[in-house]
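Peer 1: Got a structure for you, written out below as structure tokens; questions coming shortly.
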Amino acid sequence: MRVAVLGAGAVGARVARQLLASDSVDQVLLRDVSSERLARSAGSIGDRVVIEHHPFPATLDADAVVVASPRGTQLAAVEEAISAGLPAVLVSDGLAETVAILRLDRAARDAGIPVLVGAGFAPGLTCVLVAHGMSWFDEVDEIHVYKMGAGGPACALVHHRALSRFSYDWRDDAWTRRPGGSGRELCWFPEPVGPRDCYRAALADPVLLHHAFPGVGRITSRMAATRRDRLTAPMPMLTPTHVEGGTGAVRVELRGRRGTAQETLVLGAAERPAVGAAVVAATAIEWVLDGRVSVGGMAGLAEAVEPVGFLGELADRGLATEIFEGDGAGS
């Protein structure tokens, strides 16, 4: 069994290591346009990785594909995977590109393959947490997603731009457009992150969650940001980012009815975003290869996997979920 991993950055290299460490695949094909990233990754992965430099061969010699390449390259990568009839998992969080990729649903269905969109830390883990939380309620009225941290330079650039672009919330059977950087809300993340100010941004989570749960009346997302982040969001990112960010976190909040009572459920996780995204993506591609996903065509993880089993496997790999209890749950 061979998996092609497109992108050897902070997430892609870890996906390759996760797959080989678990012996779920025989070989990993690793592609990247940067020779430096490929050399750095190859030295830490081992001898079961095949390195392909740019310009790449015309065909992908693999059984499945993980797309962990930068923003702006993923749509073409998915089109290539669909043309080759290869199931794919995408580590993506850009709103515009996610919407464009979802429009390839018919092509993926015609090819008879699953394509799992947004299979990272957020969206990805957040979608699975929401799917798990849905089972606790008789009826869910609201879903709110919060994220903090970036997995690497490419991810940091997406987040930087997202704060200056319009966010889209699902409310009352329609999309509501709001300015990025507005809607300040103090949110408590799992330790060691703790409380952070969060703001609206152009995030993909509401699109994927509405796709999975069209009956929920309100779906929103926010990301943690500082005053400086908001002020500089419309400008080019001039300060070089770290190869990998520090500890990040995600939190999902569901509000609805259980029996006759209105209740709120809050789930979250703390981890370096690149590590969390790689664990989720590696587990997702293993489920695809094992035939354990329940969809064909385009879908987010909330639609594709059984949440309890999936979260259990993430915990086995060190990515544990926390349940918020007490007064802090209703922030």
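In the structure tokens, the first chain shown is A, the next is B, and so on; residue numbers restart at 1 for each chain, and ligands run from 1 in the order shown.
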What's the 8 Å shell around Glu97 of chain A, counting only C-alpha atoms, without same-chain residues fewer than 6 positions away, as a PyMOL selection string?

Peer 2: chain A and resi 71-72+74-75

Peer 1: Write a file of the selected residues as a short mmCIF file (atom, residue, chain, number, x, y, z; two decimals), in the first residue's frame, keeping N, CA and C atoms.

Peer 2:
```
data_model
loop_
_atom_site.label_atom_id
_atom_site.label_comp_id
_atom_site.auth_asym_id
_atom_site.auth_seq_id
_atom_site.Cartn_x
_atom_site.Cartn_y
_atom_site.Cartn_z
N ARG A 71 -1.92 26.89 0.43
CA ARG A 71 -3.10 27.50 -0.15
C ARG A 71 -2.85 27.85 -1.62
N GLY A 72 -3.85 27.64 -2.44
CA GLY A 72 -3.75 27.96 -3.85
C GLY A 72 -3.30 26.82 -4.73
N GLN A 74 -4.22 23.43 -3.80
CA GLN A 74 -4.97 22.23 -3.44
C GLN A 74 -6.06 21.88 -4.44
N LEU A 75 -6.68 22.87 -5.04
CA LEU A 75 -7.73 22.59 -6.02
C LEU A 75 -7.17 21.77 -7.17
#
```

Peer 1: List every residue of segment 110-288 of chain A that DSSP, applied to the backbone of this structure, places in strand (DSSP E), and write the result as a PyMOL selection string.

Peer 2: chain A and resi 114-116+139-148+167-171+174-178+185-188+195-199+218-224+248-258+261-271

Peer 1: Counting only C-alpha atoms, what are the residues of segment 154-210 of chain A within 8 Å of segment 126-141 of chain A, and for each of them which pair of atoms is the nearest and at what distance in Å, to one decimal? Sort the table by chain and rising number, as JSON lines.

Peer 2:
```
{"residue": "A:Asp205", "atom": "CA", "partner": "A:Cys127", "partner_atom": "CA", "distance": 7.5}
{"residue": "A:Leu208", "atom": "CA", "partner": "A:Cys127", "partner_atom": "CA", "distance": 7.8}
{"residue": "A:Leu209", "atom": "CA", "partner": "A:Cys127", "partner_atom": "CA", "distance": 6.7}
```

Peer 1: Could you check which of A:Val288, A:Ala62, A:Val78, A:Cys198 is closest to His144 of chain A, using only C-alpha atoms?

Peer 2: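 Once distances to His144 of chain A are computed over only C-alpha atoms, the minimum belongs to A:Cys198.
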
Peer 1: Can you pull out every residue within 6 Å of segment 113-120 of chain A, counting only C-alpha atoms, but drop anything in the same chain fewer than 2 positions away, and send it as a ChimeraX atom specification?

Peer 2: /A:87-92,108,111,122-124,277,280-281,296-300

Peer 1: Could those selected residues go to a file with C-alpha atoms, as a PDB file, in the first residue's frame?

Peer 2:
```
ATOM      1  CA  PRO A  87      -9.251   8.746  -2.904  1.00  0.00           C
ATOM      2  CA  ALA A  88      -7.917  11.842  -1.180  1.00  0.00           C
ATOM      3  CA  VAL A  89      -7.710  13.547   2.204  1.00  0.00           C
ATOM      4  CA  LEU A  90      -7.151  17.315   2.344  1.00  0.00           C
ATOM      5  CA  VAL A  91      -5.541  19.267   5.162  1.00  0.00           C
ATOM      6  CA  SER A  92      -7.171  22.568   4.217  1.00  0.00           C
ATOM      7  CA  ALA A 108     -15.641  12.662  -7.295  1.00  0.00           C
ATOM      8  CA  ALA A 111     -15.148   8.561 -10.159  1.00  0.00           C
ATOM      9  CA  ALA A 122      -9.549  22.925  12.433  1.00  0.00           C
ATOM     10  CA  PRO A 123     -11.471  22.114  10.387  1.00  0.00           C
ATOM     11  CA  GLY A 124     -11.070  18.388  10.913  1.00  0.00           C
ATOM     12  CA  ALA A 277      -3.480  18.150  11.902  1.00  0.00           C
ATOM     13  CA  VAL A 280      -6.090  13.654  12.089  1.00  0.00           C
ATOM     14  CA  ALA A 281      -5.030  13.425   8.440  1.00  0.00           C
ATOM     15  CA  GLY A 296     -18.517   8.806  -1.615  1.00  0.00           C
ATOM     16  CA  GLY A 297     -17.647  12.135  -3.170  1.00  0.00           C
ATOM     17  CA  MET A 298     -16.831  15.300  -1.237  1.00  0.00           C
ATOM     18  CA  ALA A 299     -17.415  15.401   2.507  1.00  0.00           C
ATOM     19  CA  GLY A 300     -16.004  16.720   5.747  1.00  0.00           C
TER      20      GLY A 300
END
```

Peer 1: Asp169 of chain A: which residues within 7 Å, counting only C-alpha atoms, same-chain residues fewer than 4 positions away excluded, as a PDB file with C-alpha atoms, in the first residue's frame?

Peer 2:
```pdb
ATOM      1  CA  TRP A 175     -25.420  32.893   5.013  1.00  0.00           C
ATOM      2  CA  THR A 176     -24.643  36.082   6.947  1.00  0.00           C
ATOM      3  CA  ARG A 177     -21.522  37.978   5.910  1.00  0.00           C
ATOM      4  CA  PRO A 206     -19.253  26.716   9.018  1.00  0.00           C
ATOM      5  CA  ILE A 219     -23.271  27.904  12.871  1.00  0.00           C
ATOM      6  CA  THR A 220     -20.376  30.280  13.550  1.00  0.00           C
TER       7      THR A 220
END
```

Peer 1: Near Ala282 of chain A, within 8 Å and counting only C-alpha atoms, which residues show up once chain neighbours fewer than 3 positions away are dropped, as an mmCIF file with N, CA and C atoms, in the first residue's frame?

Peer 2:
```
data_model
loop_
_atom_site.group_PDB
_atom_site.id
_atom_site.type_symbol
_atom_site.label_atom_id
_atom_site.label_comp_id
_atom_site.auth_asym_id
_atom_site.auth_seq_id
_atom_site.Cartn_x
_atom_site.Cartn_y
_atom_site.Cartn_z
ATOM 1 N N VAL A 15 2.593 13.785 8.634
ATOM 2 C CA VAL A 15 1.665 12.769 8.131
ATOM 3 C C VAL A 15 2.444 11.558 7.642
ATOM 4 N N ALA A 16 3.505 11.792 6.884
ATOM 5 C CA ALA A 16 4.330 10.692 6.378
ATOM 6 C C ALA A 16 4.909 9.874 7.528
ATOM 7 N N GLN A 18 3.740 9.627 10.620
ATOM 8 C CA GLN A 18 2.648 8.925 11.301
ATOM 9 C C GLN A 18 2.282 7.642 10.561
ATOM 10 N N LEU A 19 2.155 7.716 9.258
ATOM 11 C CA LEU A 19 1.753 6.548 8.472
ATOM 12 C C LEU A 19 2.798 5.442 8.533
ATOM 13 N N ALA A 278 -1.651 16.576 11.564
ATOM 14 C CA ALA A 278 -1.040 15.372 10.995
ATOM 15 C C ALA A 278 -1.670 14.106 11.555
ATOM 16 N N VAL A 279 -1.964 14.103 12.846
ATOM 17 C CA VAL A 279 -2.605 12.935 13.459
ATOM 18 C C VAL A 279 -3.981 12.702 12.837
ATOM 19 N N ILE A 285 -6.756 9.036 6.409
ATOM 20 C CA ILE A 285 -6.361 8.284 5.210
ATOM 21 C C ILE A 285 -6.327 6.791 5.508
ATOM 22 N N GLU A 286 -6.016 6.414 6.737
ATOM 23 C CA GLU A 286 -6.072 5.000 7.107
ATOM 24 C C GLU A 286 -7.513 4.487 7.062
#
```

Peer 1: Would you mind listing what lies within 7 Å of Glu253 of chain A as a VMD selection string, with only C-alpha atoms counted and same-chain residues fewer than 6 positions away left out?

Peer 2: chain A and resid 143 to 145 264 to 267

Peer 1: Which residue, A:Ala10, A:Leu29, A:Ala212, A:Met148, has the smallest gap to Thr247 of chain A when you use only C-alpha atoms?

Peer 2: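 When distances to Thr247 of chain A are compared using only C-alpha atoms, the smallest one comes from A:Met148.
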
Peer 1: Hey, can you check how far atom CA of Ser182 of chain A sits from atom CA of Pro214 of chain A?

Peer 2: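 Taking atom CA of Ser182 of chain A as the start and atom CA of Pro214 of chain A as the end point, the length is 25.2 Å.
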
Peer 1: What's the separation between atom CA of Leu6 of chain A and atom CA of Leu30 of chain A, in Å to one decimal place?

Peer 2: 6.1 Å

Peer 1: What is the atom CA of Arg14 of chain A to atom CA of Ile51 of chain A distance in Å?

Peer 2: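 Atom-to-atom, atom CA of Arg14 of chain A and atom CA of Ile51 of chain A are spaced 14.8 Å apart.
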
Peer 1: Choose the residue, out of A:Ala225, A:Ala8, A:Val216, A:Leu311, that has the smallest atom-to-atom separation from Glu142 of chain A; count only C-alpha atoms.

Peer 2: A:Val216

Peer 1: List as a PDB file with C-alpha atoms, in the first residue's frame the protein and nucleic acid residues near segment 188-194 of chain A, meaning an atom at most 8 Å away when only C-alpha atoms are counted, but skip any in the same chain fewer than 2 places from it.

Peer 2:
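Dumped to out.pdb:
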```
ATOM      1  CA  LEU A 186     -13.532  35.829  25.177  1.00  0.00           C
ATOM      2  CA  ARG A 196      -8.145  34.165  24.479  1.00  0.00           C
ATOM      3  CA  THR A 247       0.724  25.071  21.347  1.00  0.00           C
ATOM      4  CA  GLY A 248      -2.687  25.698  19.828  1.00  0.00           C
ATOM      5  CA  ALA A 249      -6.194  24.619  20.719  1.00  0.00           C
ATOM      6  CA  VAL A 250      -9.696  24.080  19.397  1.00  0.00           C
ATOM      7  CA  ARG A 251     -13.063  24.311  21.088  1.00  0.00           C
ATOM      8  CA  GLY A 268     -11.930  20.858  23.057  1.00  0.00           C
ATOM      9  CA  ALA A 269      -8.325  19.804  22.616  1.00  0.00           C
ATOM     10  CA  ALA A 270      -4.899  21.407  22.970  1.00  0.00           C
ATOM     11  CA  GLU A 322     -11.473  17.263  26.821  1.00  0.00           C
ATOM     12  CA  GLY A 328     -16.614  28.059  32.336  1.00  0.00           C
ATOM     13  CA  SER A 331     -18.474  31.547  27.980  1.00  0.00           C
TER      14      SER A 331
END
```

Peer 1: Can you work out which one of A:Asp197, A:Leu203, A:Ala320, A:Gly9 has the shortest atom-to-atom distance to Ser41 of chain A, counting only C-alpha atoms?

Peer 2: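 Of the candidates, the smallest distance to Ser41 of chain A is held by A:Gly9.
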
Peer 1: Can you check which residues of segment 35-154 of chain A DSSP gives as alpha helix (DSSP H) on the backbone and send them as JSON, numbers by chain?

Peer 2: {"A": [35, 36, 37, 38, 39, 40, 41, 42, 43, 44, 45, 74, 75, 76, 77, 78, 79, 80, 81, 82, 83, 95, 96, 97, 98, 99, 100, 101, 102, 105, 106, 107, 108, 109, 110, 111, 125, 126, 127, 128, 129, 130, 131, 132, 133, 134, 153, 154]}
